[in-house]
Structure formats: C-alpha cells, structure tokens
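Next comes final13.txt, with compact mmCIF, C-alpha atoms.
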# COMPACT_ATOMS: atom_id res chain seq x y z
CA MET A 1 -27.83 16.86 56.58
CA ASN A 2 -24.26 16.01 55.86
CA ASP A 3 -25.17 12.88 53.89
CA ASP A 4 -27.68 14.62 51.67
CA PRO A 5 -25.43 16.70 49.43
CA PRO A 6 -23.19 13.85 48.13
CA LEU A 7 -26.07 11.75 46.71
CA PRO A 8 -27.46 14.29 44.21
CA SER A 9 -23.98 15.57 43.50
CA LEU A 10 -22.86 12.07 42.54
CA GLU A 11 -25.75 11.78 40.13
CA GLN A 12 -25.04 15.24 38.85
CA LEU A 13 -21.42 14.30 38.49
CA ASP A 14 -22.41 11.25 36.51
CA GLU A 15 -24.57 13.34 34.25
CA LYS A 16 -21.89 15.92 33.83
CA LEU A 17 -19.36 13.23 33.09
CA ARG A 18 -21.58 11.70 30.46
CA ALA A 19 -22.22 15.08 28.88
CA ALA A 20 -18.52 15.86 28.87
CA GLU A 21 -17.70 12.49 27.38
CA ALA A 22 -20.31 12.92 24.67
CA LYS A 23 -18.95 16.37 23.95
CA ARG A 24 -15.40 15.11 23.78
CA ARG A 25 -16.40 12.28 21.50
CA LYS A 26 -18.12 14.76 19.25
CA THR A 27 -15.21 17.19 19.12
CA LYS A 28 -12.81 14.31 18.66
CA ALA A 29 -14.80 12.90 15.77
CA GLY A 30 -15.13 16.32 14.14
CA PRO A 31 -11.58 17.03 12.97
CA ASP A 32 -10.99 13.36 12.19
CA ASP A 33 -13.97 13.31 9.89
CA GLY A 34 -12.98 16.61 8.34
CA GLY A 35 -9.48 15.38 7.57
CA GLN A 36 -10.72 12.12 6.13
CA GLY A 37 -13.39 13.85 4.10
CA LEU A 38 -10.92 16.35 2.74
CA ALA A 39 -8.46 13.61 1.81
CA PHE A 40 -11.29 11.75 0.15
CA ALA A 41 -12.46 14.79 -1.80
CA MET A 42 -8.94 15.43 -3.00
CA ARG A 43 -8.59 11.87 -4.18
CA ILE A 44 -11.67 11.85 -6.37
CA GLY A 45 -11.35 15.40 -7.67
CA VAL A 46 -8.51 14.61 -10.03
CA GLU A 47 -9.64 11.15 -11.17
CA ILE A 48 -11.89 12.28 -14.03
CA VAL A 49 -9.38 14.79 -15.35
CA ALA A 50 -6.53 12.29 -15.24
CA ALA A 51 -8.48 9.62 -17.12
CA LEU A 52 -9.57 12.21 -19.69
CA ILE A 53 -5.97 13.33 -20.20
CA VAL A 54 -4.87 9.74 -20.81
CA GLY A 55 -7.82 9.04 -23.12
CA VAL A 56 -7.31 12.18 -25.19
CA GLY A 57 -3.56 11.54 -25.28
CA ILE A 58 -3.99 8.00 -26.60
CA GLY A 59 -6.57 9.20 -29.12
CA LEU A 60 -4.37 11.99 -30.45
CA LEU A 61 -1.37 9.67 -30.66
CA LEU A 62 -3.31 7.03 -32.57
CA ASP A 63 -4.70 9.69 -34.91
CA HIS A 64 -1.25 11.11 -35.51
CA TRP A 65 0.13 7.64 -36.15
CA LEU A 66 -2.64 6.28 -38.37
CA GLY A 67 -3.65 9.57 -39.98
CA THR A 68 -7.33 9.22 -39.11
CA LYS A 69 -7.59 12.73 -37.82
CA PRO A 70 -10.59 13.18 -35.55
CA TRP A 71 -11.92 9.65 -35.09
CA PHE A 72 -9.66 8.01 -32.52
CA PHE A 73 -9.59 11.27 -30.62
CA LEU A 74 -13.38 11.30 -30.40
CA LEU A 75 -13.55 7.62 -29.49
CA PHE A 76 -10.91 7.81 -26.78
CA PHE A 77 -12.32 11.05 -25.42
CA VAL A 78 -15.53 9.16 -24.65
CA LEU A 79 -13.62 6.14 -23.34
CA GLY A 80 -11.48 8.40 -21.17
CA ALA A 81 -14.56 10.06 -19.72
CA ALA A 82 -16.05 6.63 -19.03
CA ALA A 83 -12.83 5.52 -17.35
CA GLY A 84 -12.84 8.68 -15.25
CA PHE A 85 -16.38 8.10 -14.06
CA MET A 86 -15.53 4.49 -13.38
CA ASN A 87 -12.56 5.55 -11.25
CA VAL A 88 -14.73 7.90 -9.25
CA PHE A 89 -17.38 5.23 -8.89
CA ARG A 90 -14.74 2.83 -7.64
CA VAL A 91 -13.43 5.25 -5.04
CA VAL A 92 -16.92 6.24 -3.91
CA GLY A 93 -18.22 2.67 -3.92
CA ARG A 94 -16.17 1.84 -0.88
CA LEU A 95 -15.00 4.70 1.27
CA GLY A 96 -11.22 4.74 1.29
CA GLY A 97 -11.45 1.53 -0.64
CA GLN A 98 -9.30 -0.11 -3.23
CA VAL A 99 -8.79 1.09 -6.74
CA GLY A 100 -9.18 -2.26 -8.47
CA TYR A 101 -12.41 -4.15 -8.81
CA HIS A 102 -12.79 -5.03 -5.18
CA GLY A 103 -15.76 -2.80 -4.54
CA ALA A 104 -17.98 -3.93 -7.36
CA LYS A 105 -17.29 -7.66 -7.51
CA LYS A 106 -16.79 -8.95 -4.04
CA PRO A 107 -17.64 -12.66 -4.40
CA GLU A 108 -15.48 -13.02 -7.51
CA ASP A 109 -12.61 -11.51 -5.57
CA ASP A 110 -12.76 -14.20 -3.00
CA ASP A 111 -12.87 -16.89 -5.69
CA ASP A 112 -9.81 -15.44 -7.34
CA LYS A 113 -7.93 -15.23 -4.09
CA ARG A 114 -8.80 -18.78 -3.23
CA ASP A 115 -7.62 -19.88 -6.65
CA GLU A 116 -4.33 -18.16 -6.08
CA ASP A 117 -3.92 -19.71 -2.70
CA GLU A 118 -4.52 -23.20 -3.95
CA MET B 1 4.47 43.32 -11.92
CA ALA B 2 4.93 46.79 -10.43
CA GLU B 3 8.42 47.78 -9.35
CA GLY B 4 7.68 48.94 -5.81
CA GLY B 5 7.88 45.69 -3.87
CA ALA B 6 4.82 44.08 -5.48
CA HIS B 7 5.55 40.56 -6.66
CA SER B 8 3.80 38.16 -8.89
CA PRO B 9 2.11 35.37 -6.93
CA ILE B 10 3.69 32.76 -9.17
CA GLU B 11 7.20 34.11 -8.79
CA GLN B 12 7.71 31.69 -5.91
CA PHE B 13 7.63 28.75 -8.33
CA GLU B 14 10.44 30.07 -10.47
CA ILE B 15 13.41 27.76 -10.77
CA ARG B 16 16.74 29.50 -10.44
CA SER B 17 20.17 28.05 -10.90
CA ILE B 18 22.41 28.24 -7.92
CA PHE B 19 25.34 26.48 -9.51
CA PRO B 20 24.65 26.62 -13.24
CA ALA B 21 25.94 23.91 -15.50
CA ARG B 22 27.08 26.45 -18.09
CA GLU B 23 29.24 29.47 -17.62
CA HIS B 24 29.68 31.93 -20.49
CA GLY B 25 28.11 29.39 -22.81
CA GLU B 26 30.55 26.67 -21.82
CA ALA B 27 29.49 23.48 -20.14
CA ILE B 28 31.21 23.14 -16.80
CA GLY B 29 28.95 20.48 -15.34
CA ALA B 30 26.33 17.97 -16.31
CA LEU B 31 23.34 19.46 -14.48
CA ASP B 32 22.23 22.72 -12.97
CA PHE B 33 22.00 22.79 -9.22
CA THR B 34 18.80 24.80 -8.75
CA ASN B 35 16.84 26.09 -5.80
CA SER B 36 14.64 23.03 -6.34
CA SER B 37 17.64 20.74 -5.94
CA LEU B 38 18.71 22.68 -2.89
CA THR B 39 15.33 22.18 -1.20
CA MET B 40 15.43 18.48 -2.04
CA VAL B 41 18.86 18.13 -0.51
CA ALA B 42 17.66 20.08 2.53
CA THR B 43 14.67 17.73 2.76
CA LEU B 44 16.92 14.68 2.70
CA VAL B 45 19.22 16.19 5.32
CA LEU B 46 16.24 17.07 7.52
CA ILE B 47 14.69 13.61 7.25
CA SER B 48 17.99 11.88 7.95
CA GLY B 49 18.70 14.21 10.82
CA PHE B 50 15.22 13.76 12.23
CA LEU B 51 15.36 9.97 12.15
CA ILE B 52 19.00 9.55 13.15
CA LEU B 53 18.78 12.04 16.00
CA GLY B 54 15.44 10.61 17.04
CA MET B 55 16.66 7.04 17.21
CA ARG B 56 20.15 7.85 18.48
CA ARG B 57 19.51 6.60 21.96
CA GLY B 58 16.75 4.09 21.31
CA ALA B 59 15.46 4.46 24.84
CA LEU B 60 12.72 2.17 26.12
CA VAL B 61 10.77 5.23 27.23
CA PRO B 62 11.07 7.52 24.24
CA GLY B 63 11.84 11.19 24.46
CA ARG B 64 10.22 13.80 22.25
CA MET B 65 12.27 13.25 19.12
CA GLN B 66 12.16 9.50 19.49
CA SER B 67 8.39 9.60 19.93
CA LEU B 68 8.04 11.56 16.71
CA ALA B 69 10.31 9.20 14.81
CA GLU B 70 8.50 6.16 16.17
CA MET B 71 5.13 7.74 15.47
CA SER B 72 5.96 8.31 11.84
CA TYR B 73 7.28 4.76 11.56
CA GLU B 74 4.20 3.28 13.16
CA PHE B 75 1.88 5.47 11.11
CA ILE B 76 3.23 4.09 7.85
CA ALA B 77 3.59 0.56 9.20
CA GLY B 78 -0.07 0.68 10.28
CA LEU B 79 -1.10 2.10 6.93
CA ILE B 80 0.62 -0.76 5.10
CA SER B 81 -0.75 -3.51 7.31
CA ASP B 82 -4.24 -1.99 6.99
CA THR B 83 -4.22 -1.78 3.21
CA VAL B 84 -1.85 -4.49 2.03
CA GLY B 85 -1.55 -6.86 4.96
CA SER B 86 1.46 -8.64 6.35
CA GLU B 87 3.05 -9.31 2.97
CA GLY B 88 3.20 -5.55 2.40
CA ARG B 89 5.88 -5.27 5.08
CA ARG B 90 8.51 -5.79 2.41
CA TYR B 91 7.49 -2.54 0.72
CA PHE B 92 7.70 -0.44 3.87
CA PRO B 93 10.95 1.30 2.88
CA ILE B 94 9.64 2.73 -0.39
CA VAL B 95 6.32 3.87 1.09
CA PHE B 96 8.04 5.41 4.10
CA THR B 97 10.60 7.15 1.90
CA LEU B 98 7.93 8.58 -0.38
CA PHE B 99 5.81 9.71 2.56
CA MET B 100 8.66 11.40 4.38
CA PHE B 101 10.07 12.99 1.24
CA ILE B 102 6.73 14.49 0.24
CA LEU B 103 5.78 15.47 3.77
CA PHE B 104 9.05 17.22 4.51
CA GLY B 105 9.10 18.78 1.06
CA ASN B 106 5.61 20.18 1.60
CA LEU B 107 6.39 21.41 5.09
CA LEU B 108 9.68 22.93 4.03
CA GLY B 109 7.78 24.80 1.33
CA MET B 110 5.67 26.40 4.06
CA LEU B 111 8.69 28.30 5.36
CA PRO B 112 8.88 31.87 4.07
CA TYR B 113 11.34 32.40 1.19
CA SER B 114 11.74 28.68 0.65
CA PHE B 115 10.80 26.70 -2.40
CA THR B 116 8.14 23.99 -2.72
CA PHE B 117 9.48 21.36 -5.07
CA THR B 118 6.23 19.37 -4.85
CA SER B 119 4.52 22.26 -6.66
CA HIS B 120 6.31 21.21 -9.85
CA ILE B 121 4.56 18.60 -11.93
CA ILE B 122 7.82 17.08 -13.13
CA VAL B 123 8.86 16.23 -9.56
CA THR B 124 5.52 14.72 -8.58
CA PHE B 125 5.24 12.95 -11.92
CA ALA B 126 8.67 11.42 -11.46
CA LEU B 127 7.59 10.11 -8.06
CA ALA B 128 4.28 8.83 -9.44
CA ALA B 129 5.98 7.22 -12.42
CA LEU B 130 8.38 5.49 -10.06
CA VAL B 131 5.42 4.06 -8.16
CA PHE B 132 3.52 3.15 -11.32
CA ILE B 133 6.43 1.43 -13.08
CA GLY B 134 7.53 -0.30 -9.90
CA VAL B 135 4.04 -1.59 -9.18
CA THR B 136 3.57 -2.77 -12.78
CA ILE B 137 6.88 -4.64 -12.72
CA LEU B 138 5.93 -6.13 -9.37
CA ALA B 139 2.58 -7.31 -10.72
CA VAL B 140 4.09 -8.81 -13.88
CA ALA B 141 6.86 -10.48 -11.90
CA LYS B 142 4.39 -11.98 -9.47
CA HIS B 143 1.60 -13.01 -11.84
CA GLY B 144 3.26 -13.19 -15.26
CA MET B 145 0.79 -13.06 -18.13
CA HIS B 146 -2.04 -13.48 -15.66
CA PHE B 147 -1.48 -9.79 -14.89
CA PHE B 148 -3.35 -8.83 -18.06
CA SER B 149 -6.52 -10.38 -16.70
CA PHE B 150 -6.45 -7.34 -14.44
CA PHE B 151 -7.94 -5.38 -17.33
CA VAL B 152 -10.91 -7.70 -17.72
CA PRO B 153 -13.66 -6.98 -15.25
CA PRO B 154 -14.61 -10.26 -13.64
CA GLY B 155 -18.02 -11.56 -14.63
CA ALA B 156 -18.40 -9.27 -17.64
CA PRO B 157 -19.86 -10.88 -20.79
CA ILE B 158 -17.37 -11.35 -23.60
CA ALA B 159 -19.43 -9.09 -25.87
CA MET B 160 -18.61 -6.20 -23.53
CA TRP B 161 -14.85 -6.81 -23.51
CA PRO B 162 -13.97 -4.56 -26.50
CA LEU B 163 -15.60 -1.69 -24.65
CA LEU B 164 -14.46 -2.51 -21.13
CA ILE B 165 -10.83 -3.38 -21.76
CA PRO B 166 -9.91 0.03 -23.26
CA ILE B 167 -11.69 1.71 -20.37
CA GLU B 168 -9.77 -0.36 -17.88
CA VAL B 169 -6.47 0.23 -19.63
CA ILE B 170 -7.13 3.97 -19.65
CA SER B 171 -8.07 3.96 -16.02
CA TYR B 172 -4.92 2.00 -15.19
CA LEU B 173 -2.76 4.39 -17.20
CA SER B 174 -4.42 7.37 -15.53
CA ARG B 175 -3.03 6.31 -12.15
CA PRO B 176 0.34 8.05 -12.35
CA ILE B 177 -1.32 11.15 -13.77
CA SER B 178 -3.96 11.42 -11.07
CA LEU B 179 -1.34 10.64 -8.43
CA SER B 180 1.00 13.36 -9.60
CA VAL B 181 -1.57 15.97 -10.60
CA ARG B 182 -3.31 15.71 -7.23
CA LEU B 183 -0.19 16.56 -5.25
CA PHE B 184 1.08 19.14 -7.72
CA ALA B 185 -2.26 20.95 -8.10
CA ASN B 186 -2.85 21.12 -4.37
CA MET B 187 0.54 22.57 -3.61
CA LEU B 188 0.46 24.96 -6.58
CA ALA B 189 -3.04 26.22 -5.83
CA GLY B 190 -2.45 26.55 -2.11
CA HIS B 191 0.76 28.49 -2.40
CA THR B 192 -0.60 30.74 -5.14
CA LEU B 193 -3.66 31.48 -3.03
CA LEU B 194 -1.47 32.35 -0.06
CA LYS B 195 0.57 34.79 -2.12
CA VAL B 196 -2.49 36.34 -3.80
CA ILE B 197 -4.23 37.01 -0.51
CA ALA B 198 -1.00 38.21 1.08
CA GLY B 199 -0.82 40.74 -1.75
CA PHE B 200 -4.01 42.39 -0.46
CA ILE B 201 -2.58 43.11 2.97
CA GLY B 202 -0.40 46.04 2.00
CA VAL B 203 -2.87 47.48 -0.50
CA LEU B 204 -5.82 47.65 1.87
CA GLY B 205 -4.05 49.68 4.54
CA ILE B 206 -5.82 49.39 7.87
CA PHE B 207 -8.31 46.88 6.47
CA GLY B 208 -5.38 44.68 5.63
CA ILE B 209 -6.07 43.02 8.94
CA LEU B 210 -8.82 41.01 7.22
CA PRO B 211 -6.66 39.30 4.59
CA PHE B 212 -4.03 38.92 7.29
CA ALA B 213 -6.48 36.90 9.38
CA VAL B 214 -7.34 34.85 6.31
CA ILE B 215 -3.64 34.20 5.72
CA VAL B 216 -3.22 32.88 9.23
CA ALA B 217 -6.11 30.47 8.73
CA LEU B 218 -4.92 29.49 5.26
CA THR B 219 -1.43 28.77 6.53
CA GLY B 220 -2.95 26.34 8.99
CA LEU B 221 -4.97 24.77 6.20
CA GLU B 222 -1.88 24.53 4.01
CA ILE B 223 -0.02 22.66 6.72
CA LEU B 224 -2.98 20.29 7.01
CA ILE B 225 -2.90 19.82 3.25
CA ALA B 226 0.84 19.20 3.36
CA PHE B 227 0.20 16.27 5.71
CA LEU B 228 -2.89 15.14 3.84
CA GLN B 229 -1.24 15.03 0.44
CA ALA B 230 1.70 13.06 1.76
CA TYR B 231 -0.79 10.70 3.38
CA VAL B 232 -2.87 10.37 0.21
CA PHE B 233 0.23 9.65 -1.85
CA ALA B 234 1.34 7.00 0.63
CA ILE B 235 -2.06 5.33 0.91
CA LEU B 236 -2.51 5.22 -2.86
CA THR B 237 0.93 3.69 -3.22
CA CYS B 238 -0.16 1.05 -0.71
CA LEU B 239 -3.39 0.43 -2.61
CA TYR B 240 -1.51 0.03 -5.87
CA ILE B 241 0.91 -2.40 -4.25
CA ASN B 242 -2.08 -4.30 -2.90
CA ASP B 243 -3.61 -4.42 -6.38
CA ALA B 244 -0.32 -5.64 -7.79
CA LEU B 245 0.00 -8.40 -5.20
CA HIS B 246 -3.59 -9.64 -5.32
CA LEU B 247 -4.88 -8.43 -8.70
CA HIS B 248 -8.62 -8.91 -8.31
Structure translated into structure tokens:
Amino acid sequence: MNDDPPLPSLEQLDEKLRAAEAKRRKTKAGPDDGGQGLAFAMRIGVEIVAALIVGVGIGLLLDHWLGTKPWFFLLFFVLGAAAGFMNVFRVVGRLGGQVGYHGAKKPEDDDDKRDEDE
Amino acid sequence: MAEGGAHSPIEQFEIRSIFPAREHGEAIGALDFTNSSLTMVATLVLISGFLILGMRRGALVPGRMQSLAEMSYEFIAGLISDTVGSEGRRYFPIVFTLFMFILFGNLLGMLPYSFTFTSHIIVTFALAALVFIGVTILAVAKHGMHFFSFFVPPGAPIAMWPLLIPIEVISYLSRPISLSVRLFANMLAGHTLLKVIAGFIGVLGIFGILPFAVIVALTGLEILIAFLQAYVFAILTCLYINDALHLH
C-alpha cells in the first residue's frame, strides 16, 4: 500500500518534467527567434533603398558632369536596383551571413583563403 | 500645432542650442553646444561611469554592476570571435565603443524629455562613414591593389564584368547608407509613433486607456529596438571588418 503511490508518481513526475522542459524550451526559443527575426528584417529592409540611393546619386552626378541628362540616371537606376536585390539576396542566402560573396561562391572562397595563407 | 498643450510629434527631434556659438550676431565660439551634444556628453559620462564603477573592484565573484559590465564586454567579444575570428580581437575597442555609444544613446532617448541623437541621420551617417572609411583603409592596407578584386564576383565570365562590377561597386558604396539609414529610420519612426499615439490619450477621454496600453507595449518594443539596432550596427561592423580582412 505504501509502496504503490511512489511508482506511478515517479512516472508522472517524469512525464511532467518532460512536458515542462519542452514547454520551457519552446518559450525560451520564442523570444530568441523573435529578436533574431526582427533584427534580420530590419537589416534587409533598408538594403534596396540604400543601393537605389547610391545608384541614382551616381547617375545624377555623372549626368550633371557629362551633360547627358537622363541617360546615366536611367542606367544607374537599374544598376542600383540590381545591386539592392543582390544585397538582399546575399543577406537572405545565408541567415545572418556575410555581406561579401561568401554565400554564393563557397568553394572559391576556400581557394582564395588558401591562396592567401600560402 | 494648437496652443493648448498639444505638441507636434516631431518636435522632439528639434535641435536647440544650449550654448550658442553666436550672440547678437557675433561669433563667441566655434560650435553650438546643442541638446544633441548634451545627450552625447551624457551618454559618454554614463558609459564611462557604468564601466568604471562596474570594474572598480574587479572581484572574482562579480556583483551586479560588474556582471553587467562583464556581460557587455563578453557579448561584443563573442560577437567578434563569431564573425571575424581571433584576428578580429584587435578591433574590439572600436566595435565595443560603437555598440555602447549607440545603445546608451538609444536608451537615453527613451527617457521622457530627453533627446535621441541617433534619430538624426547626420549622427548615424557620421558613425557609418567612420566604419566604412576605416574598413576600406584597412582592406587597402592589408591587400593593396588586390582589394579591387573584391568587386569582381569570383567565377564570373569576363563578358559579364562590365555589368557586374558597377553593381558590386554600388552595393559596396551603399553600405554606409544602409547602415546609417537603418538606425536613423528605426529611431525616428519609433519615437514619432510613440508621440503620435500618446497624442490620442488626452483627446479620447476615458477611452484614452486604449492608446495608453498601446504606449506601454510600444515603449517595451522601443527598448527592444534600441538594443537590436545597436546589435545590428555592431554585427555589421564586424562583418565589414571580416570582409576587409579576408576579402572573398
């Protein structure tokens, strides 16, 4: 009679413990993920705009300098947009990853690094 | 706006001279000392106080302040060793300084009646330009002319170079802009939103409790963003340093 209660209660305890642990893991992962996701979203949000600003700026400057009114502006607007998308692609390609070419061209990276080391 | 206590939500970003450089049209100093300058000085004093007081005793078992100081040190040290590696250790001071300056500036801006200097593009752009120019000099010093191969995507056919190189140059030049605009826009938008919603509280009378609840939540979010933006600025600085050291 006295021995009976501890056995199921131990199992129950185990179950409860596992449930609590799972719950804690979940709640612990939640805010972490949210923070990371938010930081990530904020990083990529501005990339396109920034590249566009630079592209348009270069285009307008070249136009002003060479007197070819709309052409460099149009060209660099497109190039700026492409650069913006490329930046976003780079950031998205590897979560929290580098800004250079690391994501897209991994094997080449290693070659380059090895070259430098030698 | 209206006279009776209602304020414009962007009034908080106004720069006012505390000690003006000119008096009655005469120059009495080189530069204005503004509320922005005052908050920056306060930030520096707070950071110095925080770190000096925290590490005053240097106990083996840290107290509260020492724990905080050590935590912030280890946070940035971990960030650098994660993104740059051991050779990034040398750049710890600049990353730590930037992180603490932006973090404390953002948090100080959360105090009522204070001023958020990170909500001014010129401040964030100066910081970003510092990082950008420093990183470029670092890369050129380390790699010399080889640095310019950074703009050529590895493995791209030569026929594509005229198209790809301008894109890469633009995307490299867009770094300081995205770095500064991100911080500036977040702080500007957040603080404006806070003030706009706070403006509803008085107008709605008893239902003002709703915007008030929103304000409480938003204040929490703003503090999160204050941390997050400082973190993003620091991690991007680390990534740029990594790029400069290793190119691709």
*Enter the distance from atom CA of Ala185 of chain B to atom CA of Gly88 of chain B, in Å, rounded to one decimal.*
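Distance between the two atoms: 29.0 Å.
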Expressed in Å, the length from atom CA of Met160 of chain B to atom CA of Leu61 of chain A is 24.5 Å
Tell me, as a CSV table (one decimal) with C-alpha atoms, in the coordinates of the input, which residues lie within 12 Å of Ser81 of chain B, counting only C-alpha atoms; anything in the same chain fewer than 4 positions away does not count.
chain,number,residue,atom,x,y,z
B,74,GLU,CA,4.2,3.3,13.2
B,75,PHE,CA,1.9,5.5,11.1
B,76,ILE,CA,3.2,4.1,7.8
B,77,ALA,CA,3.6,0.6,9.2
B,85,GLY,CA,-1.6,-6.9,5.0
B,86,SER,CA,1.5,-8.6,6.4
B,87,GLU,CA,3.0,-9.3,3.0
B,88,GLY,CA,3.2,-5.6,2.4
B,89,ARG,CA,5.9,-5.3,5.1
B,90,ARG,CA,8.5,-5.8,2.4
B,91,TYR,CA,7.5,-2.5,0.7
B,92,PHE,CA,7.7,-0.4,3.9
B,95,VAL,CA,6.3,3.9,1.1
B,235,ILE,CA,-2.1,5.3,0.9
B,238,CYS,CA,-0.2,1.0,-0.7
B,239,LEU,CA,-3.4,0.4,-2.6
B,241,ILE,CA,0.9,-2.4,-4.2
B,242,ASN,CA,-2.1,-4.3,-2.9
Nearest to Phe13 of chain B among B:Gly105, B:Gly199, B:Ile177, B:Asn35, with distances taken over only C-alpha atoms: which residue is it?
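Answer, going by the shortest atom-to-atom distance: B:Asn35.
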Taking all atoms listed in the file into account, find every residue of chain B that has an atom no more than 8 Å from chain A, and write it out as a compact mmCIF listing (two decimals) with C-alpha atoms, in the coordinates of the input.
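Output below, filename iface-v2.txt:
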# COMPACT_ATOMS: atom_id res chain seq x y z
CA PRO B 153 -13.66 -6.98 -15.25
CA PRO B 154 -14.61 -10.26 -13.64
CA GLY B 155 -18.02 -11.56 -14.63
CA PRO B 166 -9.91 0.03 -23.26
CA ILE B 167 -11.69 1.71 -20.37
CA GLU B 168 -9.77 -0.36 -17.88
CA ILE B 170 -7.13 3.97 -19.65
CA SER B 171 -8.07 3.96 -16.02
CA LEU B 173 -2.76 4.39 -17.20
CA SER B 174 -4.42 7.37 -15.53
CA ARG B 175 -3.03 6.31 -12.15
CA ILE B 177 -1.32 11.15 -13.77
CA SER B 178 -3.96 11.42 -11.07
CA VAL B 181 -1.57 15.97 -10.60
CA ARG B 182 -3.31 15.71 -7.23
CA LEU B 228 -2.89 15.14 3.84
CA GLN B 229 -1.24 15.03 0.44
CA VAL B 232 -2.87 10.37 0.21
CA LEU B 239 -3.39 0.43 -2.61
CA TYR B 240 -1.51 0.03 -5.87
CA ASP B 243 -3.61 -4.42 -6.38
CA HIS B 246 -3.59 -9.64 -5.32
CA LEU B 247 -4.88 -8.43 -8.70
CA HIS B 248 -8.62 -8.91 -8.31
re atom CA of Ala41 of chain A and atom CA of Ile10 of chain B: distance 25.3 Å
With all atoms of segment 92-95 of chain B from the file as input, state the centre and edge lengths in Å to one decimal of the axis-aligned box that has 8 Å extra on each side, as lines of an AutoDock Vina configuration file.
center_x = 8.6
center_y = 1.7
center_z = 1.7
size_x = 20.6
size_y = 20.3
size_z = 20.3
Within 10 Å of Val131 of chain B, counting all atoms listed in the file, which residues qualify if same-chain residues fewer than 2 places away don't, as an mmCIF file with C-alpha atoms, keeping the file's coordinate frame?
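To be explicit, this is the file written out as around_18.cif:
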data_model
loop_
_atom_site.group_PDB
_atom_site.id
_atom_site.type_symbol
_atom_site.label_atom_id
_atom_site.label_comp_id
_atom_site.auth_asym_id
_atom_site.auth_seq_id
_atom_site.Cartn_x
_atom_site.Cartn_y
_atom_site.Cartn_z
ATOM 1 C CA ILE B 94 9.640 2.730 -0.390
ATOM 2 C CA VAL B 95 6.320 3.870 1.090
ATOM 3 C CA LEU B 98 7.930 8.580 -0.380
ATOM 4 C CA PHE B 125 5.240 12.950 -11.920
ATOM 5 C CA ALA B 126 8.670 11.420 -11.460
ATOM 6 C CA LEU B 127 7.590 10.110 -8.060
ATOM 7 C CA ALA B 128 4.280 8.830 -9.440
ATOM 8 C CA ALA B 129 5.980 7.220 -12.420
ATOM 9 C CA ILE B 133 6.430 1.430 -13.080
ATOM 10 C CA GLY B 134 7.530 -0.300 -9.900
ATOM 11 C CA VAL B 135 4.040 -1.590 -9.180
ATOM 12 C CA THR B 136 3.570 -2.770 -12.780
ATOM 13 C CA ILE B 137 6.880 -4.640 -12.720
ATOM 14 C CA ARG B 175 -3.030 6.310 -12.150
ATOM 15 C CA PRO B 176 0.340 8.050 -12.350
ATOM 16 C CA LEU B 179 -1.340 10.640 -8.430
ATOM 17 C CA PHE B 233 0.230 9.650 -1.850
ATOM 18 C CA LEU B 236 -2.510 5.220 -2.860
ATOM 19 C CA THR B 237 0.930 3.690 -3.220
ATOM 20 C CA CYS B 238 -0.160 1.050 -0.710
ATOM 21 C CA TYR B 240 -1.510 0.030 -5.870
ATOM 22 C CA ILE B 241 0.910 -2.400 -4.250
#
With distances taken over all atoms listed in the file, the candidate from B:Ala21, B:Met110, B:Val123, B:Ala198 nearest Thr219 of chain B is B:Met110
- [ ] Would you kindly identify which residues have an atom no farther than 6 Å from (2.7, 12.8, 1.9), using all atoms listed in the file and the file's own coordinates, and write them out as a ChimeraX atom specification?
- [x] /B:99,102-103,227,229-231,233
Pull C-alpha atoms from the residues just selected and write them as a tab-separated table (two decimals), in the frame of the given file.
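Once written, again10.tsv looks like this:
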chain	number	residue	atom	x	y	z
B	99	PHE	CA	5.81	9.71	2.56
B	102	ILE	CA	6.73	14.49	0.24
B	103	LEU	CA	5.78	15.47	3.77
B	227	PHE	CA	0.20	16.27	5.71
B	229	GLN	CA	-1.24	15.03	0.44
B	230	ALA	CA	1.70	13.06	1.76
B	231	TYR	CA	-0.79	10.70	3.38
B	233	PHE	CA	0.23	9.65	-1.85
query: Between A:Gly59, A:Asp14, A:Val91, A:Glu21, which is the closest to Trp71 of chain A once you count all atoms listed in the file?
result: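 The answer is A:Gly59, which sits nearest to Trp71 of chain A.
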